[in-house]
>>> print(open('data-v6.cif').read())   # mmCIF, C-alpha atoms (C1' of nucleotides)
data_query
loop_
_atom_site.label_atom_id
_atom_site.label_comp_id
_atom_site.auth_asym_id
_atom_site.auth_seq_id
_atom_site.Cartn_x
_atom_site.Cartn_y
_atom_site.Cartn_z
CA MET A 1 -26.22 23.16 17.86
CA ASP A 2 -25.00 19.76 18.84
CA ASN A 3 -27.15 18.13 21.43
CA PRO A 4 -24.81 16.90 24.15
CA ARG A 5 -27.21 14.16 25.22
CA ARG A 6 -27.26 12.63 21.76
CA ARG A 7 -24.20 10.59 20.80
CA ARG A 8 -22.99 11.51 17.38
CA PRO A 9 -22.40 8.30 15.44
CA VAL A 10 -20.59 9.94 12.53
CA PRO A 11 -17.87 12.57 12.29
CA THR A 12 -18.73 16.23 11.75
CA HIS A 13 -17.62 17.85 8.51
CA GLU A 14 -14.62 19.32 10.32
CA GLU A 15 -13.62 15.99 11.80
CA LEU A 16 -13.96 14.30 8.45
CA ALA A 17 -11.89 16.99 6.76
CA ALA A 18 -9.19 16.60 9.43
CA TRP A 19 -9.21 12.85 8.89
CA ARG A 20 -8.87 13.18 5.14
CA VAL A 21 -6.08 15.73 5.14
CA HIS A 22 -4.23 13.77 7.81
CA ILE A 23 -4.39 10.37 6.16
CA GLU A 24 -3.76 11.54 2.63
CA THR A 25 -0.85 13.73 3.64
CA SER A 26 0.72 10.91 5.63
CA GLU A 27 0.49 8.68 2.57
CA ILE A 28 2.10 11.29 0.36
CA VAL A 29 4.95 11.83 2.81
CA ARG A 30 5.58 8.11 3.11
CA ALA A 31 5.56 7.72 -0.66
CA ARG A 32 7.97 10.64 -1.15
CA ILE A 33 10.43 9.35 1.39
CA GLU A 34 10.30 5.84 -0.04
CA ALA A 35 10.76 7.23 -3.54
CA ARG A 36 13.86 9.11 -2.36
CA LEU A 37 15.16 5.94 -0.74
CA HIS A 38 14.67 4.04 -3.96
CA GLU A 39 16.34 6.69 -6.10
CA ASP A 40 19.27 7.05 -3.73
CA SER A 41 19.87 3.40 -2.94
CA GLY A 42 17.73 1.16 -5.12
CA LEU A 43 16.05 -0.12 -1.96
CA SER A 44 12.32 -0.21 -1.25
CA GLY A 45 10.87 0.55 2.17
CA GLY A 46 10.42 -3.16 2.70
CA ASP A 47 14.03 -3.87 1.77
CA TYR A 48 15.19 -1.24 4.25
CA ARG A 49 13.14 -2.67 7.06
CA VAL A 50 14.46 -6.18 6.50
CA LEU A 51 18.04 -5.01 6.16
CA LEU A 52 17.79 -2.86 9.30
CA ALA A 53 16.56 -5.79 11.37
CA LEU A 54 19.20 -8.16 10.00
CA SER A 55 22.04 -5.69 10.41
CA GLU A 56 21.17 -5.33 14.10
CA ALA A 57 20.80 -9.07 14.65
CA GLU A 58 23.35 -11.39 16.22
CA GLY A 59 25.60 -12.61 13.44
CA ARG A 60 23.67 -10.50 10.90
CA ALA A 61 21.20 -13.39 10.65
CA MET A 62 17.79 -14.35 12.00
CA ARG A 63 15.32 -17.15 11.80
CA SER A 64 12.62 -16.32 9.28
CA SER A 65 9.74 -16.41 11.75
CA GLU A 66 11.68 -14.37 14.27
CA LEU A 67 12.32 -11.76 11.60
CA ALA A 68 8.68 -11.71 10.56
CA ALA A 69 7.58 -11.18 14.16
CA HIS A 70 10.20 -8.48 14.72
CA ILE A 71 9.07 -6.35 11.79
CA GLU A 72 5.42 -7.35 12.18
CA TRP A 73 4.95 -8.89 8.76
CA GLU A 74 2.92 -11.89 7.67
CA ARG A 75 5.25 -14.82 7.14
CA SER A 76 4.05 -15.24 3.57
CA ARG A 77 4.79 -11.59 2.91
CA LEU A 78 8.30 -11.97 4.25
CA SER A 79 8.83 -15.16 2.28
CA GLY A 80 7.98 -13.48 -0.99
CA HIS A 81 10.02 -10.43 -0.18
CA LEU A 82 13.06 -12.48 0.80
CA GLY A 83 12.80 -14.32 -2.50
CA ARG A 84 13.12 -11.04 -4.38
CA MET A 85 15.90 -9.81 -2.11
CA GLU A 86 17.76 -13.08 -2.51
CA ARG A 87 17.60 -12.76 -6.30
CA ARG A 88 19.28 -9.38 -5.92
CA GLY A 89 21.95 -10.76 -3.63
CA LEU A 90 20.95 -8.75 -0.55
CA VAL A 91 20.27 -11.76 1.65
CA ARG A 92 20.88 -15.50 1.61
CA ARG A 93 18.75 -18.29 3.06
CA GLU A 94 20.42 -21.34 4.52
CA PRO A 95 18.97 -24.40 6.26
CA CYS A 96 18.78 -24.17 10.01
CA ALA A 97 20.88 -26.58 12.07
CA GLU A 98 18.64 -26.76 15.17
CA ASP A 99 15.34 -27.03 13.31
CA ALA A 100 15.22 -28.71 9.93
CA ARG A 101 11.87 -27.06 9.14
CA GLY A 102 13.23 -23.58 9.36
CA SER A 103 15.82 -21.48 7.65
CA ARG A 104 18.21 -18.77 8.66
CA VAL A 105 18.12 -15.50 6.77
CA VAL A 106 21.62 -14.11 6.47
CA LEU A 107 22.62 -10.60 5.47
CA THR A 108 25.17 -10.79 2.67
CA ASP A 109 28.15 -8.44 2.48
CA SER A 110 26.52 -6.85 -0.50
CA GLY A 111 23.30 -6.38 1.46
CA ASP A 112 25.20 -4.91 4.38
CA ARG A 113 26.96 -2.43 2.11
CA ALA A 114 23.71 -1.47 0.41
CA PHE A 115 22.06 -0.90 3.77
CA HIS A 116 24.85 1.21 5.20
CA ALA A 117 25.07 3.27 2.04
CA SER A 118 21.33 3.95 2.27
CA THR A 119 20.93 5.06 5.88
CA LEU A 120 22.36 8.55 5.74
CA PRO A 121 20.43 9.65 2.63
CA HIS A 122 17.31 8.02 4.05
CA LEU A 123 17.56 9.87 7.36
CA ARG A 124 18.24 13.08 5.48
CA ALA A 125 15.08 12.53 3.44
CA ILE A 126 13.04 12.02 6.60
CA LYS A 127 14.40 15.26 7.97
CA GLU A 128 13.92 17.27 4.81
CA VAL A 129 10.49 16.00 3.84
CA PHE A 130 8.88 15.54 7.25
CA VAL A 131 10.77 16.97 10.21
CA ASP A 132 11.71 20.25 8.55
CA ALA A 133 8.07 20.86 7.63
CA LEU A 134 7.07 21.08 11.28
CA THR A 135 7.83 23.11 14.37
CA PRO A 136 9.12 21.17 17.40
CA GLU A 137 5.73 21.70 19.01
CA GLN A 138 3.93 20.26 16.00
CA LEU A 139 6.22 17.25 16.06
CA ASP A 140 5.42 16.72 19.74
CA HIS A 141 1.72 17.00 18.97
CA LEU A 142 1.99 14.40 16.24
CA ARG A 143 3.83 12.05 18.58
CA ASP A 144 1.22 12.57 21.30
CA ALA A 145 -1.69 12.09 18.92
CA ALA A 146 -0.15 8.86 17.62
CA ALA A 147 0.30 7.68 21.20
CA ALA A 148 -3.34 8.49 21.96
CA VAL A 149 -4.50 6.50 18.94
CA ARG A 150 -2.32 3.56 19.94
CA ARG A 151 -3.81 3.60 23.45
CA HIS A 152 -7.29 3.81 21.98
CA LEU A 153 -6.60 0.76 19.82
CA HIS A 154 -4.83 -1.10 22.63
CA LEU A 155 -1.56 -1.22 20.73
CA ASP A 156 1.94 -1.10 22.16
CA PRO A 157 2.92 2.50 22.86
CA LEU A 158 5.98 2.17 20.67
CA PRO A 159 6.15 0.77 17.15
CA GLU A 160 7.92 -2.57 16.73
CA MET B 1 24.48 20.51 23.17
CA ASP B 2 23.48 21.23 19.63
CA ASN B 3 25.68 23.73 17.94
CA PRO B 4 23.38 26.26 16.31
CA ARG B 5 25.96 27.12 13.65
CA ARG B 6 26.14 23.51 12.44
CA ARG B 7 23.20 22.34 10.33
CA ARG B 8 22.00 18.96 11.43
CA PRO B 9 21.60 16.82 8.34
CA VAL B 10 19.77 13.98 10.06
CA PRO B 11 16.91 13.81 12.58
CA THR B 12 17.61 13.51 16.29
CA HIS B 13 16.56 10.34 18.05
CA GLU B 14 13.44 12.10 19.27
CA GLU B 15 12.55 13.33 15.82
CA LEU B 16 13.10 9.91 14.34
CA ALA B 17 10.97 8.30 17.04
CA ALA B 18 8.20 10.81 16.37
CA TRP B 19 8.41 10.06 12.64
CA ARG B 20 8.19 6.34 13.18
CA VAL B 21 5.31 6.34 15.60
CA HIS B 22 3.44 8.81 13.41
CA ILE B 23 3.82 7.00 10.14
CA GLU B 24 3.29 3.50 11.49
CA THR B 25 0.24 4.51 13.47
CA SER B 26 -1.27 6.26 10.49
CA GLU B 27 -0.83 3.09 8.44
CA ILE B 28 -2.44 0.97 11.12
CA VAL B 29 -5.42 3.29 11.38
CA ARG B 30 -5.90 3.35 7.63
CA ALA B 31 -5.69 -0.42 7.46
CA ARG B 32 -8.20 -0.85 10.30
CA ILE B 33 -10.71 1.49 8.75
CA GLU B 34 -10.37 -0.15 5.36
CA ALA B 35 -10.72 -3.57 6.94
CA ARG B 36 -13.95 -2.43 8.62
CA LEU B 37 -15.20 -1.07 5.30
CA HIS B 38 -14.48 -4.38 3.62
CA GLU B 39 -16.15 -6.44 6.35
CA ASP B 40 -19.20 -4.20 6.46
CA SER B 41 -19.70 -3.67 2.74
CA GLY B 42 -17.35 -5.87 0.71
CA LEU B 43 -15.78 -2.71 -0.70
CA SER B 44 -12.10 -1.80 -0.70
CA GLY B 45 -10.84 1.72 -0.12
CA GLY B 46 -10.27 2.04 -3.84
CA ASP B 47 -13.79 0.88 -4.61
CA TYR B 48 -15.17 3.45 -2.19
CA ARG B 49 -13.23 6.26 -3.73
CA VAL B 50 -14.38 5.40 -7.24
CA LEU B 51 -17.98 4.96 -6.18
CA LEU B 52 -17.97 8.24 -4.24
CA ALA B 53 -16.74 10.16 -7.27
CA LEU B 54 -19.22 8.50 -9.62
CA SER B 55 -22.17 8.92 -7.29
CA GLU B 56 -21.51 12.66 -7.15
CA ALA B 57 -21.03 12.98 -10.92
CA GLU B 58 -23.57 14.24 -13.43
CA GLY B 59 -25.64 11.27 -14.50
CA ARG B 60 -23.65 8.99 -12.18
CA ALA B 61 -21.07 8.69 -14.97
CA MET B 62 -17.71 10.14 -15.91
CA ARG B 63 -15.09 9.87 -18.59
CA SER B 64 -12.31 7.60 -17.48
CA SER B 65 -9.57 10.23 -17.64
CA GLU B 66 -11.72 12.74 -15.87
CA LEU B 67 -12.33 10.24 -13.10
CA ALA B 68 -8.64 9.41 -12.84
CA ALA B 69 -7.76 13.09 -12.54
CA HIS B 70 -10.49 13.67 -9.97
CA ILE B 71 -9.29 10.97 -7.60
CA GLU B 72 -5.63 11.50 -8.50
CA TRP B 73 -4.91 8.01 -9.77
CA GLU B 74 -2.72 6.84 -12.63
CA ARG B 75 -4.87 5.98 -15.61
CA SER B 76 -3.52 2.45 -15.73
CA ARG B 77 -4.35 1.99 -12.08
CA LEU B 78 -7.90 3.11 -12.67
CA SER B 79 -8.20 0.91 -15.74
CA GLY B 80 -7.25 -2.20 -13.81
CA HIS B 81 -9.44 -1.28 -10.89
CA LEU B 82 -12.44 -0.62 -13.11
CA GLY B 83 -11.95 -4.02 -14.70
CA ARG B 84 -12.29 -5.70 -11.32
CA MET B 85 -15.23 -3.49 -10.33
CA GLU B 86 -16.95 -4.22 -13.63
CA ARG B 87 -16.61 -7.97 -13.05
CA ARG B 88 -18.42 -7.45 -9.76
CA GLY B 89 -21.16 -5.40 -11.39
CA LEU B 90 -20.39 -2.14 -9.56
CA VAL B 91 -19.72 -0.12 -12.70
CA ARG B 92 -20.20 -0.44 -16.43
CA ARG B 93 -18.06 0.91 -19.25
CA GLU B 94 -19.68 2.07 -22.43
CA PRO B 95 -18.21 3.64 -25.55
CA CYS B 96 -18.23 7.42 -25.60
CA ALA B 97 -20.34 9.14 -28.26
CA GLU B 98 -18.28 12.36 -28.58
CA ASP B 99 -14.87 10.69 -28.56
CA ALA B 100 -14.41 7.22 -30.02
CA ARG B 101 -11.13 6.77 -28.12
CA GLY B 102 -12.68 7.12 -24.73
CA SER B 103 -15.29 5.42 -22.64
CA ARG B 104 -17.82 6.49 -20.10
CA VAL B 105 -17.72 4.85 -16.69
CA VAL B 106 -21.25 4.45 -15.41
CA LEU B 107 -22.32 3.63 -11.87
CA THR B 108 -24.72 0.68 -11.96
CA ASP B 109 -27.76 0.48 -9.71
CA SER B 110 -26.03 -2.28 -7.84
CA GLY B 111 -22.94 -0.12 -7.40
CA ASP B 112 -25.06 2.78 -6.20
CA ARG B 113 -26.78 0.59 -3.64
CA ALA B 114 -23.49 -0.85 -2.45
CA PHE B 115 -22.03 2.63 -2.06
CA HIS B 116 -24.99 4.03 -0.15
CA ALA B 117 -25.10 1.02 2.11
CA SER B 118 -21.42 1.50 2.91
CA THR B 119 -21.23 5.18 3.79
CA LEU B 120 -22.79 5.19 7.24
CA PRO B 121 -20.76 2.25 8.60
CA HIS B 122 -17.65 3.72 7.01
CA LEU B 123 -18.13 7.12 8.64
CA ARG B 124 -18.84 5.41 11.92
CA ALA B 125 -15.59 3.49 11.64
CA ILE B 126 -13.66 6.71 11.02
CA LYS B 127 -15.23 8.20 14.11
CA GLU B 128 -14.69 5.20 16.33
CA VAL B 129 -11.17 4.30 15.26
CA PHE B 130 -9.70 7.75 14.65
CA VAL B 131 -11.78 10.69 15.84
CA ASP B 132 -12.78 9.20 19.18
CA ALA B 133 -9.13 8.48 19.97
CA LEU B 134 -8.30 12.18 20.01
CA THR B 135 -9.27 15.34 21.83
CA PRO B 136 -10.61 18.18 19.66
CA GLU B 137 -7.30 19.98 20.24
CA GLN B 138 -5.33 16.98 19.05
CA LEU B 139 -7.49 16.75 15.96
CA ASP B 140 -6.82 20.43 15.24
CA HIS B 141 -3.11 19.85 15.72
CA LEU B 142 -3.15 16.97 13.28
CA ARG B 143 -4.96 19.07 10.72
CA ASP B 144 -2.51 21.94 11.19
CA ALA B 145 0.52 19.67 10.97
CA ALA B 146 -0.81 18.12 7.78
CA ALA B 147 -1.36 21.61 6.36
CA ALA B 148 2.21 22.58 7.29
CA VAL B 149 3.58 19.50 5.53
CA ARG B 150 1.49 20.23 2.45
CA ARG B 151 2.83 23.79 2.34
CA HIS B 152 6.36 22.48 2.79
CA LEU B 153 5.88 20.12 -0.16
CA HIS B 154 4.10 22.76 -2.26
CA LEU B 155 0.91 20.71 -2.41
CA ASP B 156 -2.62 21.98 -2.55
CA PRO B 157 -3.80 22.84 0.96
CA LEU B 158 -6.77 20.52 0.64
CA PRO B 159 -6.77 16.95 -0.56
CA GLU B 160 -8.42 16.33 -3.94
"C1'" DC C 1 -7.31 15.15 -47.64
"C1'" DC C 2 -3.20 13.65 -44.94
"C1'" DT C 3 0.41 13.74 -41.85
"C1'" DC C 4 1.94 14.59 -37.28
"C1'" DG C 5 1.91 15.33 -32.52
"C1'" DG C 6 -0.97 14.83 -28.40
"C1'" DT C 7 -4.76 12.19 -25.92
"C1'" DT C 8 -7.31 8.04 -24.37
"C1'" DG C 9 -7.49 3.85 -22.56
"C1'" DT C 10 -5.54 -0.83 -22.29
"C1'" DT C 11 -1.96 -4.05 -21.74
"C1'" DG C 12 2.29 -6.37 -19.97
"C1'" DA C 13 5.91 -6.99 -16.77
"C1'" DC C 14 6.81 -6.56 -12.50
"C1'" DA C 15 6.73 -5.32 -7.14
"C1'" DT C 16 4.04 -5.67 -3.32
"C1'" DG C 17 0.23 -7.26 -0.08
"C1'" DT C 18 -3.37 -10.89 2.07
"C1'" DG C 19 -5.24 -15.35 3.27
"C1'" DA C 20 -5.76 -20.21 2.64
"C1'" DA C 21 -3.65 -24.49 1.58
"C1'" DT C 22 0.27 -27.39 1.69
"C1'" DC C 23 4.44 -29.92 3.08
"C1'" DA C 24 7.90 -31.24 6.08
"C1'" DT C 25 9.37 -31.45 10.44
"C1'" DA C 26 8.99 -31.14 15.54
"C1'" DT C 27 6.95 -32.31 19.80
"C1'" DG C 28 3.82 -33.76 23.49
"C1'" DC C 29 1.53 -37.62 25.21
"C1'" DG C 30 -0.42 -42.28 25.87
"C1'" DC D 1 7.74 -45.91 20.22
"C1'" DG D 2 3.78 -44.09 17.45
"C1'" DC D 3 0.49 -40.85 16.53
"C1'" DA D 4 -2.11 -36.43 16.88
"C1'" DT D 5 -1.22 -31.94 16.63
"C1'" DA D 6 1.43 -27.70 16.32
"C1'" DT D 7 4.85 -25.05 13.94
"C1'" DG D 8 8.08 -23.18 10.08
"C1'" DA D 9 8.18 -21.83 5.71
"C1'" DT D 10 6.60 -21.78 1.10
"C1'" DT D 11 3.15 -21.66 -2.48
"C1'" DC D 12 -1.08 -20.36 -4.78
"C1'" DA D 13 -4.68 -17.29 -6.18
"C1'" DC D 14 -5.76 -13.07 -6.10
"C1'" DA D 15 -5.98 -7.74 -5.23
"C1'" DT D 16 -3.44 -3.82 -5.70
"C1'" DG D 17 0.25 -0.48 -7.36
"C1'" DT D 18 3.99 1.44 -10.83
"C1'" DC D 19 5.84 2.34 -15.25
"C1'" DA D 20 6.55 1.84 -20.14
"C1'" DA D 21 4.76 0.55 -24.49
"C1'" DC D 22 0.97 0.31 -27.44
"C1'" DA D 23 -3.13 0.95 -30.53
"C1'" DA D 24 -6.64 3.82 -31.70
"C1'" DC D 25 -8.27 8.17 -32.31
"C1'" DC D 26 -8.48 13.46 -32.21
"C1'" DG D 27 -7.44 17.89 -34.18
"C1'" DA D 28 -4.37 21.43 -36.19
"C1'" DG D 29 -1.75 22.76 -40.30
"C1'" DG D 30 -0.15 22.19 -44.79
#
>>> encode(input="data-v6.cif", output="structure tokens")
Amino acid sequence: MDNPRRRRPVPTHEELAAWRVHIETSEIVRARIEARLHEDSGLSGGDYRVLLALSEAEGRAMRSSELAAHIEWERSRLSGHLGRMERRGLVRREPCAEDARGSRVVLTDSGDRAFHASTLPHLRAIKEVFVDALTPEQLDHLRDAAAAVRRHLHLDPLPE
Amino acid sequence: MDNPRRRRPVPTHEELAAWRVHIETSEIVRARIEARLHEDSGLSGGDYRVLLALSEAEGRAMRSSELAAHIEWERSRLSGHLGRMERRGLVRREPCAEDARGSRVVLTDSGDRAFHASTLPHLRAIKEVFVDALTPEQLDHLRDAAAAVRRHLHLDPLPE
DNA sequence: CCTCGGTTGTTGACATGTGAATCATATGCG
DNA sequence: CGCATATGATTCACATGTCAACAACCGAGG
């Protein structure tokens, strides 16, 4: 019997099992959906996130720091990723008029096409791999549990 | 109104929002718990997983392939990881008597101490960051949703 | 014994991630 | 203006992950 007056510092076996199945399954689902994205469009999850942000931005361009903040990436991570994306012609970096330190990241036509070609298959993959696995109630429960965790960790209620 | 005769190929806004908050929150939680593990013990999540498997193995040692299969890693991934762990003195590789191709991965005393020192803080972190954020019902729901996804993807019901 | 197909583990090339250091520029303040 | 400091972005060193190619070895069959 658990003694209610004694705080339990570690999870029970059941709690630990729930943690493990939850976290490992989430990783598998993410990996499957990203693999589908890559097969369908040649884009990685990181590529998609950058392209999504740029395609919604004014003039299909953003300052590098602004972009990093928007997608919640380290600037060095974004810098490296943009280098690879630039090599593939998805984005272009040009010097910034107002601030000579900075640069503007511009979505190329090729990048825009690649992004738009990828969205529908990507959304389909999310539906087929994740949404279709769950009842509407289970999906609500997942959303609520995520919200509870975010409150617990003092994070913004919504991602981004 | 949704037309029940028309299959919806893509998620609704609500479904997509649930997907995003779920997957991003799961990543944040994993990252936090691994960060705590690293601060507390100097071990990465990968280190922990290898050390856990070895510490439960007969003679605190396993064949490399056997270990890779047990923790579901690519062999090349394990090989690289073991190289780094060996440099830090956590494990040792010795030639295998029965099979000259292979090697035995042995947990060193230092690795065993590091692992045992890490478990309690690690379990505490899982409880504080994840379990304590949720009601018992929410935890059950997460477990059930993960099980539903695993069925949907034809995976083993339990991780490992 | 000897060849051939499968196994074992490593390696190389690359993509991706973090944190610290660096460089150039911008900006506030005396 | 001139300087201390902050900021924008990149770079470095490294850890981590994938996949394909490889070298060495095993074991079955001829």
>>> residues_near_point(input="data-v6.cif", point="(-4.6, 5.3, -22.6)", cutoff="8 Å", atoms="all atoms listed in the file", output="ChimeraX atom specification")
/B:75-76 /C:7-10
>>> closest_atom_pairs(input="data-v6.cif", of="region 32-59 of chain B", to="region 16-23 of chain D", cutoff="12 Å", atoms="only C-alpha atoms (C1' of nucleotides)", output="JSON lines")
{"residue": "B:Ser44", "atom": "CA", "partner": "D:DT16", "partner_atom": "C1'", "distance": 10.2}
{"residue": "B:Gly45", "atom": "CA", "partner": "D:DT16", "partner_atom": "C1'", "distance": 10.8}
{"residue": "B:Gly46", "atom": "CA", "partner": "D:DT16", "partner_atom": "C1'", "distance": 9.2}
{"residue": "B:Asp47", "atom": "CA", "partner": "D:DT16", "partner_atom": "C1'", "distance": 11.4}
>>> interface_residues(input="data-v6.cif", of="chain D", to="chain B", cutoff="8 Å", atoms="only C-alpha atoms (C1' of nucleotides)", output="list of chain:residue names")
D:DG17, D:DA24, D:DC25, D:DC26
>>> calpha_fit_rmsd(input="data-v6.cif", fixed="chain A", moving="chain B")
0.1 Å
>>> resolve_selection(input="data-v6.cif", expression="the PyMOL selection byres ((chain B) within 6 of (chain A))", output="VMD selection string")
chain B and resid 9 to 11 18 21 to 22 123 to 124 127 133 143 146 149 152 159
>>> atom_distance(input="data-v6.cif", atom1="CA of Ile71 (chain A)", atom2="CA of Val105 (chain A)")
13.8 Å
>>> resolve_selection(input="data-v6.cif", expression="the PyMOL selection byres ((chain D and resi 5-14) around 10)", output="list in words")
Arg63, Ser64, Ser65, Arg75, Ser76, Leu78, Ser79, Gly80, Asp99, Ala100, Arg101, Gly102 and Ser103 of chain A; DT18, DG19, DA20, DA21, DT22, DC23, DA24, DT25, DA26, DT27 and DG28 of chain C; DC3, DA4, DA15 and DT16 of chain D
>>> residues_near_point(input="data-v6.cif", point="(20.9, -1.7, 0.1)", cutoff="9 Å", atoms="only C-alpha atoms (C1' of nucleotides)", output="ChimeraX atom specification")
/A:41-44,47-48,51,90,110-119
